>>> print(open('work-v3.cif').read())   # mmCIF, C-alpha atoms and all ligand atoms
data_start
loop_
_atom_site.group_PDB
_atom_site.id
_atom_site.type_symbol
_atom_site.label_atom_id
_atom_site.label_comp_id
_atom_site.auth_asym_id
_atom_site.auth_seq_id
_atom_site.Cartn_x
_atom_site.Cartn_y
_atom_site.Cartn_z
ATOM 1 C CA MET A 1183 -66.239 5.499 -29.365
ATOM 2 C CA THR A 1184 -64.563 8.914 -29.055
ATOM 3 C CA ARG A 1185 -65.748 11.444 -31.530
ATOM 4 C CA PRO A 1186 -63.110 13.217 -33.681
ATOM 5 C CA THR A 1187 -63.714 16.575 -31.923
ATOM 6 C CA HIS A 1188 -63.028 14.957 -28.540
ATOM 7 C CA ARG A 1189 -59.826 13.491 -29.842
ATOM 8 C CA ALA A 1190 -58.681 16.882 -31.114
ATOM 9 C CA TRP A 1191 -59.388 18.457 -27.715
ATOM 10 C CA LEU A 1192 -57.493 15.705 -25.950
ATOM 11 C CA LEU A 1193 -54.519 16.146 -28.273
ATOM 12 C CA ALA A 1194 -54.542 19.919 -27.804
ATOM 13 C CA LEU A 1195 -54.670 19.475 -24.009
ATOM 14 C CA MET A 1196 -51.754 17.033 -24.020
ATOM 15 C CA LEU A 1197 -49.635 19.296 -26.198
ATOM 16 C CA THR A 1198 -50.361 22.316 -24.002
ATOM 17 C CA MET A 1199 -49.502 20.457 -20.782
ATOM 18 C CA GLY A 1200 -46.400 18.932 -22.269
ATOM 19 C CA SER A 1201 -44.975 22.189 -23.548
ATOM 20 C CA THR A 1202 -45.895 23.966 -20.325
ATOM 21 C CA VAL A 1203 -43.796 21.509 -18.347
ATOM 22 C CA ALA A 1204 -40.936 21.791 -20.815
ATOM 23 C CA LEU A 1205 -40.875 25.552 -21.132
ATOM 24 C CA ALA A 1206 -42.175 26.913 -17.852
ATOM 25 C CA GLN A 1207 -39.465 28.586 -15.802
ATOM 26 C CA LEU A 1208 -41.567 29.174 -12.737
ATOM 27 C CA PRO A 1209 -39.484 29.389 -9.558
ATOM 28 C CA PHE A 1210 -40.894 26.207 -8.080
ATOM 29 C CA MET A 1211 -40.142 24.206 -11.240
ATOM 30 C CA ARG A 1212 -36.470 23.348 -10.954
ATOM 31 C CA ASN A 1213 -35.258 21.689 -14.095
ATOM 32 C CA MET A 1214 -31.966 21.346 -15.922
ATOM 33 C CA HIS A 1215 -32.312 24.760 -17.540
ATOM 34 C CA THR A 1216 -32.234 26.627 -14.272
ATOM 35 C CA GLY A 1217 -29.367 24.939 -12.402
ATOM 36 C CA PRO A 1218 -25.727 26.111 -12.460
ATOM 37 C CA VAL A 1219 -25.483 24.619 -15.919
ATOM 38 C CA VAL A 1220 -23.553 25.932 -18.874
ATOM 39 C CA MET A 1221 -25.291 24.877 -22.054
ATOM 40 C CA PRO A 1222 -23.278 22.907 -24.619
ATOM 41 C CA GLN A 1223 -21.078 24.958 -26.973
ATOM 42 C CA VAL A 1224 -21.505 28.070 -24.806
ATOM 43 C CA ASP A 1225 -18.648 28.226 -22.317
ATOM 44 C CA THR A 1226 -16.714 26.092 -19.877
ATOM 45 C CA ARG A 1227 -17.753 26.111 -16.266
ATOM 46 C CA ALA A 1228 -15.546 28.062 -13.905
ATOM 47 C CA PRO A 1229 -13.290 25.693 -11.928
ATOM 48 C CA VAL A 1230 -14.131 24.942 -8.332
ATOM 49 C CA GLU A 1231 -12.738 27.474 -5.889
ATOM 50 C CA ASN A 1232 -9.112 26.832 -4.812
ATOM 51 C CA THR A 1233 -8.470 24.610 -7.808
ATOM 52 C CA ILE A 1234 -4.723 24.360 -8.429
ATOM 53 C CA ALA A 1235 -3.728 25.026 -12.012
ATOM 54 C CA VAL A 1236 -1.470 22.460 -13.634
ATOM 55 C CA ASP A 1237 0.360 24.047 -16.509
ATOM 56 C CA GLY A 1238 3.807 24.390 -17.970
ATOM 57 C CA ASP A 1239 5.505 22.314 -20.615
ATOM 58 C CA TRP A 1240 4.184 18.870 -21.324
ATOM 59 C CA LEU A 1241 7.237 16.786 -22.137
ATOM 60 C CA ARG A 1242 6.172 13.839 -24.218
ATOM 61 C CA ASP A 1243 9.217 11.891 -25.240
ATOM 62 C CA ARG A 1244 12.971 11.484 -24.968
ATOM 63 C CA LEU A 1245 13.720 14.243 -27.461
ATOM 64 C CA GLU A 1246 11.626 16.749 -25.568
ATOM 65 C CA SER A 1247 12.975 15.619 -22.187
ATOM 66 C CA GLN A 1248 16.658 15.153 -22.980
ATOM 67 C CA ASN A 1249 17.773 18.599 -21.799
ATOM 68 C CA ILE A 1250 15.942 18.724 -18.470
ATOM 69 C CA PRO A 1251 18.568 18.988 -15.740
ATOM 70 C CA ASN A 1252 18.297 16.458 -12.916
ATOM 71 C CA PRO A 1253 16.508 18.364 -10.121
ATOM 72 C CA VAL A 1254 17.586 15.831 -7.470
ATOM 73 C CA PRO A 1255 21.100 16.486 -6.106
ATOM 74 C CA ASN A 1256 23.480 13.593 -6.675
ATOM 75 C CA THR A 1257 23.974 12.551 -3.061
ATOM 76 C CA PRO A 1258 24.679 9.126 -1.501
ATOM 77 C CA GLU A 1259 21.075 9.183 -0.201
ATOM 78 C CA ALA A 1260 19.677 9.789 -3.677
ATOM 79 C CA ARG A 1261 21.807 7.019 -5.160
ATOM 80 C CA ALA A 1262 20.722 4.671 -2.354
ATOM 81 C CA GLU A 1263 17.090 5.442 -3.130
ATOM 82 C CA GLY A 1264 17.819 4.879 -6.817
ATOM 83 C CA ALA A 1265 19.450 1.537 -6.013
ATOM 84 C CA GLN A 1266 16.340 0.471 -4.139
ATOM 85 C CA MET A 1267 14.146 1.417 -7.121
ATOM 86 C CA TYR A 1268 16.510 -0.374 -9.473
ATOM 87 C CA ASP A 1269 16.408 -3.611 -7.477
ATOM 88 C CA VAL A 1270 12.611 -3.539 -7.431
ATOM 89 C CA TYR A 1271 11.835 -2.485 -10.997
ATOM 90 C CA CYS A 1272 14.831 -2.932 -13.283
ATOM 91 C CA ALA A 1273 17.178 -5.680 -12.088
ATOM 92 C CA VAL A 1274 14.899 -8.492 -13.273
ATOM 93 C CA CYS A 1275 15.626 -7.419 -16.855
ATOM 94 C CA HIS A 1276 18.838 -5.392 -16.904
ATOM 95 C CA GLY A 1277 20.596 -7.476 -14.227
ATOM 96 C CA ALA A 1278 21.705 -6.752 -10.665
ATOM 97 C CA THR A 1279 24.702 -4.715 -11.813
ATOM 98 C CA GLY A 1280 23.157 -3.407 -15.038
ATOM 99 C CA GLN A 1281 25.013 -5.796 -17.370
ATOM 100 C CA GLY A 1282 21.841 -6.770 -19.267
ATOM 101 C CA ASP A 1283 21.715 -10.224 -17.684
ATOM 102 C CA GLY A 1284 18.580 -10.198 -15.524
ATOM 103 C CA GLN A 1285 16.575 -13.368 -14.846
ATOM 104 C CA ILE A 1286 14.132 -12.757 -17.704
ATOM 105 C CA ALA A 1287 16.583 -11.100 -20.113
ATOM 106 C CA ASP A 1288 16.681 -14.168 -22.371
ATOM 107 C CA HIS A 1289 13.021 -13.647 -23.276
ATOM 108 C CA PHE A 1290 13.897 -10.444 -25.126
ATOM 109 C CA THR A 1291 15.576 -10.142 -28.504
ATOM 110 C CA ARG A 1292 17.865 -7.477 -27.046
ATOM 111 C CA MET A 1293 18.457 -6.667 -23.386
ATOM 112 C CA PRO A 1294 20.878 -3.750 -23.300
ATOM 113 C CA SER A 1295 23.591 -3.471 -20.710
ATOM 114 C CA LEU A 1296 23.191 -0.135 -18.939
ATOM 115 C CA ALA A 1297 26.932 -0.038 -18.277
ATOM 116 C CA LEU A 1298 27.902 0.438 -21.913
ATOM 117 C CA PRO A 1299 29.544 3.786 -22.743
ATOM 118 C CA TYR A 1300 26.769 4.908 -25.107
ATOM 119 C CA VAL A 1301 24.147 4.448 -22.340
ATOM 120 C CA GLN A 1302 26.382 6.156 -19.790
ATOM 121 C CA ASP A 1303 26.686 9.062 -22.238
ATOM 122 C CA TYR A 1304 22.910 9.611 -22.319
ATOM 123 C CA THR A 1305 21.778 12.819 -20.648
ATOM 124 C CA ASP A 1306 19.921 12.522 -17.351
ATOM 125 C CA GLY A 1307 16.750 13.778 -19.031
ATOM 126 C CA TRP A 1308 17.018 11.131 -21.743
ATOM 127 C CA ILE A 1309 17.336 8.280 -19.213
ATOM 128 C CA TYR A 1310 14.562 9.840 -17.154
ATOM 129 C CA ALA A 1311 12.273 9.780 -20.196
ATOM 130 C CA ILE A 1312 13.152 6.136 -20.927
ATOM 131 C CA ILE A 1313 12.194 5.221 -17.345
ATOM 132 C CA ARG A 1314 8.996 7.246 -17.561
ATOM 133 C CA GLU A 1315 7.831 6.157 -21.025
ATOM 134 C CA GLY A 1316 9.497 2.776 -21.496
ATOM 135 C CA GLY A 1317 10.605 1.631 -24.927
ATOM 136 C CA ARG A 1318 9.637 -0.830 -27.623
ATOM 137 C CA SER A 1319 9.713 -3.829 -25.266
ATOM 138 C CA MET A 1320 10.510 -2.058 -22.018
ATOM 139 C CA PRO A 1321 7.439 -1.177 -19.920
ATOM 140 C CA PRO A 1322 6.836 2.420 -18.778
ATOM 141 C CA PHE A 1323 7.360 3.248 -15.107
ATOM 142 C CA ALA A 1324 5.550 6.569 -14.969
ATOM 143 C CA HIS A 1325 3.031 5.225 -12.475
ATOM 144 C CA SER A 1326 5.359 3.067 -10.398
ATOM 145 C CA MET A 1327 7.658 5.729 -9.037
ATOM 146 C CA SER A 1328 7.383 9.336 -7.990
ATOM 147 C CA VAL A 1329 9.146 12.006 -10.018
ATOM 148 C CA SER A 1330 11.997 12.336 -7.508
ATOM 149 C CA GLU A 1331 12.388 8.554 -7.238
ATOM 150 C CA ARG A 1332 12.845 8.417 -11.015
ATOM 151 C CA TRP A 1333 15.490 11.165 -10.937
ATOM 152 C CA SER A 1334 17.298 9.368 -8.081
ATOM 153 C CA LEU A 1335 17.221 6.225 -10.173
ATOM 154 C CA VAL A 1336 18.883 8.137 -13.016
ATOM 155 C CA HIS A 1337 21.782 8.970 -10.667
ATOM 156 C CA TYR A 1338 22.061 5.297 -9.778
ATOM 157 C CA VAL A 1339 21.988 4.136 -13.426
ATOM 158 C CA LYS A 1340 24.920 6.490 -14.041
ATOM 159 C CA THR A 1341 27.041 4.515 -11.546
ATOM 160 C CA PHE A 1342 27.094 1.335 -13.647
ATOM 161 C CA GLU A 1343 30.418 0.269 -15.054
ATOM 162 C CA VAL A 1344 31.231 -2.465 -17.528
ATOM 163 C CA ALA A 1345 32.188 -5.535 -15.536
ATOM 164 C CA THR A 1346 35.794 -6.510 -16.107
ATOM 165 C CA THR A 1347 36.688 -10.174 -15.831
ATOM 166 C CA PRO A 1348 39.479 -10.571 -13.273
HETATM 167 C C1 LIG B 1401 10.648 -6.105 -18.803
HETATM 168 C C2 LIG B 1401 12.053 -5.871 -18.960
HETATM 169 C C3 LIG B 1401 12.590 -4.493 -18.632
HETATM 170 C C4 LIG B 1401 12.485 -3.817 -17.450
HETATM 171 C C5 LIG B 1401 11.735 -4.228 -16.187
HETATM 172 C C6 LIG B 1401 13.245 -2.598 -17.621
HETATM 173 N N1 LIG B 1401 13.766 -2.548 -18.869
HETATM 174 FE FE1 LIG B 1401 14.958 -1.072 -19.601
HETATM 175 N N2 LIG B 1401 14.956 -1.945 -21.412
HETATM 176 C C7 LIG B 1401 14.371 -3.175 -21.700
HETATM 177 C C8 LIG B 1401 14.581 -3.471 -23.111
HETATM 178 C C9 LIG B 1401 14.102 -4.713 -23.835
HETATM 179 C C10 LIG B 1401 15.262 -2.354 -23.649
HETATM 180 C C11 LIG B 1401 15.706 -2.167 -25.120
HETATM 181 C C12 LIG B 1401 14.764 -1.186 -25.786
HETATM 182 C C13 LIG B 1401 13.367 -1.735 -25.900
HETATM 183 O O1 LIG B 1401 13.168 -2.740 -26.589
HETATM 184 O O2 LIG B 1401 12.467 -1.192 -25.251
HETATM 185 C C14 LIG B 1401 15.488 -1.437 -22.547
HETATM 186 C C15 LIG B 1401 16.179 -0.233 -22.666
HETATM 187 C C16 LIG B 1401 16.588 0.543 -21.614
HETATM 188 C C17 LIG B 1401 17.460 1.691 -21.703
HETATM 189 C C18 LIG B 1401 18.078 2.221 -23.002
HETATM 190 C C19 LIG B 1401 19.257 1.358 -23.382
HETATM 191 C C20 LIG B 1401 19.660 1.562 -24.821
HETATM 192 O O3 LIG B 1401 20.235 0.607 -25.401
HETATM 193 O O4 LIG B 1401 19.439 2.656 -25.373
HETATM 194 C C21 LIG B 1401 17.619 2.178 -20.439
HETATM 195 C C22 LIG B 1401 18.491 3.365 -20.017
HETATM 196 C C23 LIG B 1401 16.830 1.358 -19.567
HETATM 197 N N3 LIG B 1401 16.222 0.372 -20.302
HETATM 198 C C24 LIG B 1401 16.738 1.537 -18.208
HETATM 199 C C25 LIG B 1401 15.830 0.842 -17.404
HETATM 200 C C26 LIG B 1401 15.577 1.163 -16.015
HETATM 201 C C27 LIG B 1401 16.276 2.250 -15.220
HETATM 202 C C28 LIG B 1401 14.616 0.278 -15.594
HETATM 203 C C29 LIG B 1401 13.918 0.234 -14.248
HETATM 204 C C30 LIG B 1401 12.992 1.286 -14.008
HETATM 205 C C31 LIG B 1401 14.308 -0.607 -16.696
HETATM 206 N N4 LIG B 1401 15.051 -0.220 -17.783
HETATM 207 C C32 LIG B 1401 13.403 -1.641 -16.626
HETATM 208 C C33 LIG B 1401 13.718 -3.998 -20.823
HETATM 209 C C34 LIG B 1401 13.388 -3.683 -19.531
#
>>> encode(input="work-v3.cif", output="structure tokens")
Amino acid sequence: MTRPTHRAWLLALMLTMGSTVALAQLPFMRNMHTGPVVMPQVDTRAPVENTIAVDGDWLRDRLESQNIPNPVPNTPEARAEGAQMYDVYCAVCHGATGQGDGQIADHFTRMPSLALPYVQDYTDGWIYAIIREGGRSMPPFAHSMSVSERWSLVHYVKTFEVATTP
């Protein structure tokens, strides 16, 4: 049986060794305190060299986006690209010519026609934000198209006209 004095020595030895490992900052003892580490609540680490800053306004919704001018010139090429996007992403709901009569339109309580005057009166930025963020039932398309594809699509949406029965 270990005598109490032996136990005290053993405890003292363990404590000394343990704290030596934890506190020693000898050059050969690399631990988390000595790396290129910024301790919590102290500062942020400097960004990696050549990091590109992303700043500027963060436009969150239609109200904040409504006055952005369309940066893509309204050319036949842009409208053709927009038409391609529309056929892929929008026609299934809003219909091939934007009349609100796509194949799955009946599954929604309201499938707006994009040819109606009030939609055609929306600013480019407003339509752009709808495409990017979606709506109550409409899905967002922020990740499906590039920024310029979305702006081209806005030009194309602005070509819709209410169908007139002959
Ligand atoms: C899954 C069906 C669906 C798809 C796909 C879809 N939309 Fe919509 N969209 C809707 C619905 C439903 C609304 C009505 C508002 C709501 O409930 O979100 C709407 C509203 C809109 C509006 C506003 C109309 C209004 O009455 O104010 C625009 C503009 C629009 N969509 C354009 C597009 C474009 C452009 C695309 C293709 C990128 C697209 N939508 C894809 C379902 C869809």
>>> axis_aligned_box(input="work-v3.cif", around="ligand LIG 1401 (chain B)", padding_each_side="4 Å", output="AutoDock Vina command-line options")
--center_x 15.4 --center_y -1.4 --center_z -20.3 --size_x 17.6 --size_y 17.5 --size_z 20.6
>>> residues_near_ligand(input="work-v3.cif", ligand="ligand LIG 1401 (chain B)", cutoff="9 Å", atoms="all atoms listed in the file", output="ChimeraX atom specification")
/A:1264,1267-1276,1280,1282,1284,1286-1287,1289-1296,1298,1300-1302,1304,1308-1314,1316-1323,1326-1327,1332,1335-1336,1338-1339
>>> closest_residue(input="work-v3.cif", among="A:Met1221, A:Asn1256, A:Glu1331, A:Gly1307", to="Arg1244 in chain A", atoms="only C-alpha atoms")
A:Gly1307
>>> atom_distance(input="work-v3.cif", atom1="CA of Pro1299 in chain A", atom2="CA of Ala1345 in chain A")
12.1 Å
>>> closest_residue(input="work-v3.cif", among="A:Thr1233, A:Ala1262, A:Trp1333, A:Glu1343", to="Gln1281 in chain A", atoms="all atoms listed in the file")
A:Glu1343
>>> atom_distance(input="work-v3.cif", atom1="CA of Pro1251 in chain A", atom2="CA of Thr1305 in chain A")
8.5 Å
>>> atom_distance(input="work-v3.cif", atom1="CA of His1337 in chain A", atom2="CA of Asp1237 in chain A")
26.8 Å
>>> closest_residue(input="work-v3.cif", among="A:Val1344, A:Ala1194, A:Glu1246, A:Val1254", to="Ala1297 in chain A", atoms="all atoms listed in the file")
A:Val1344
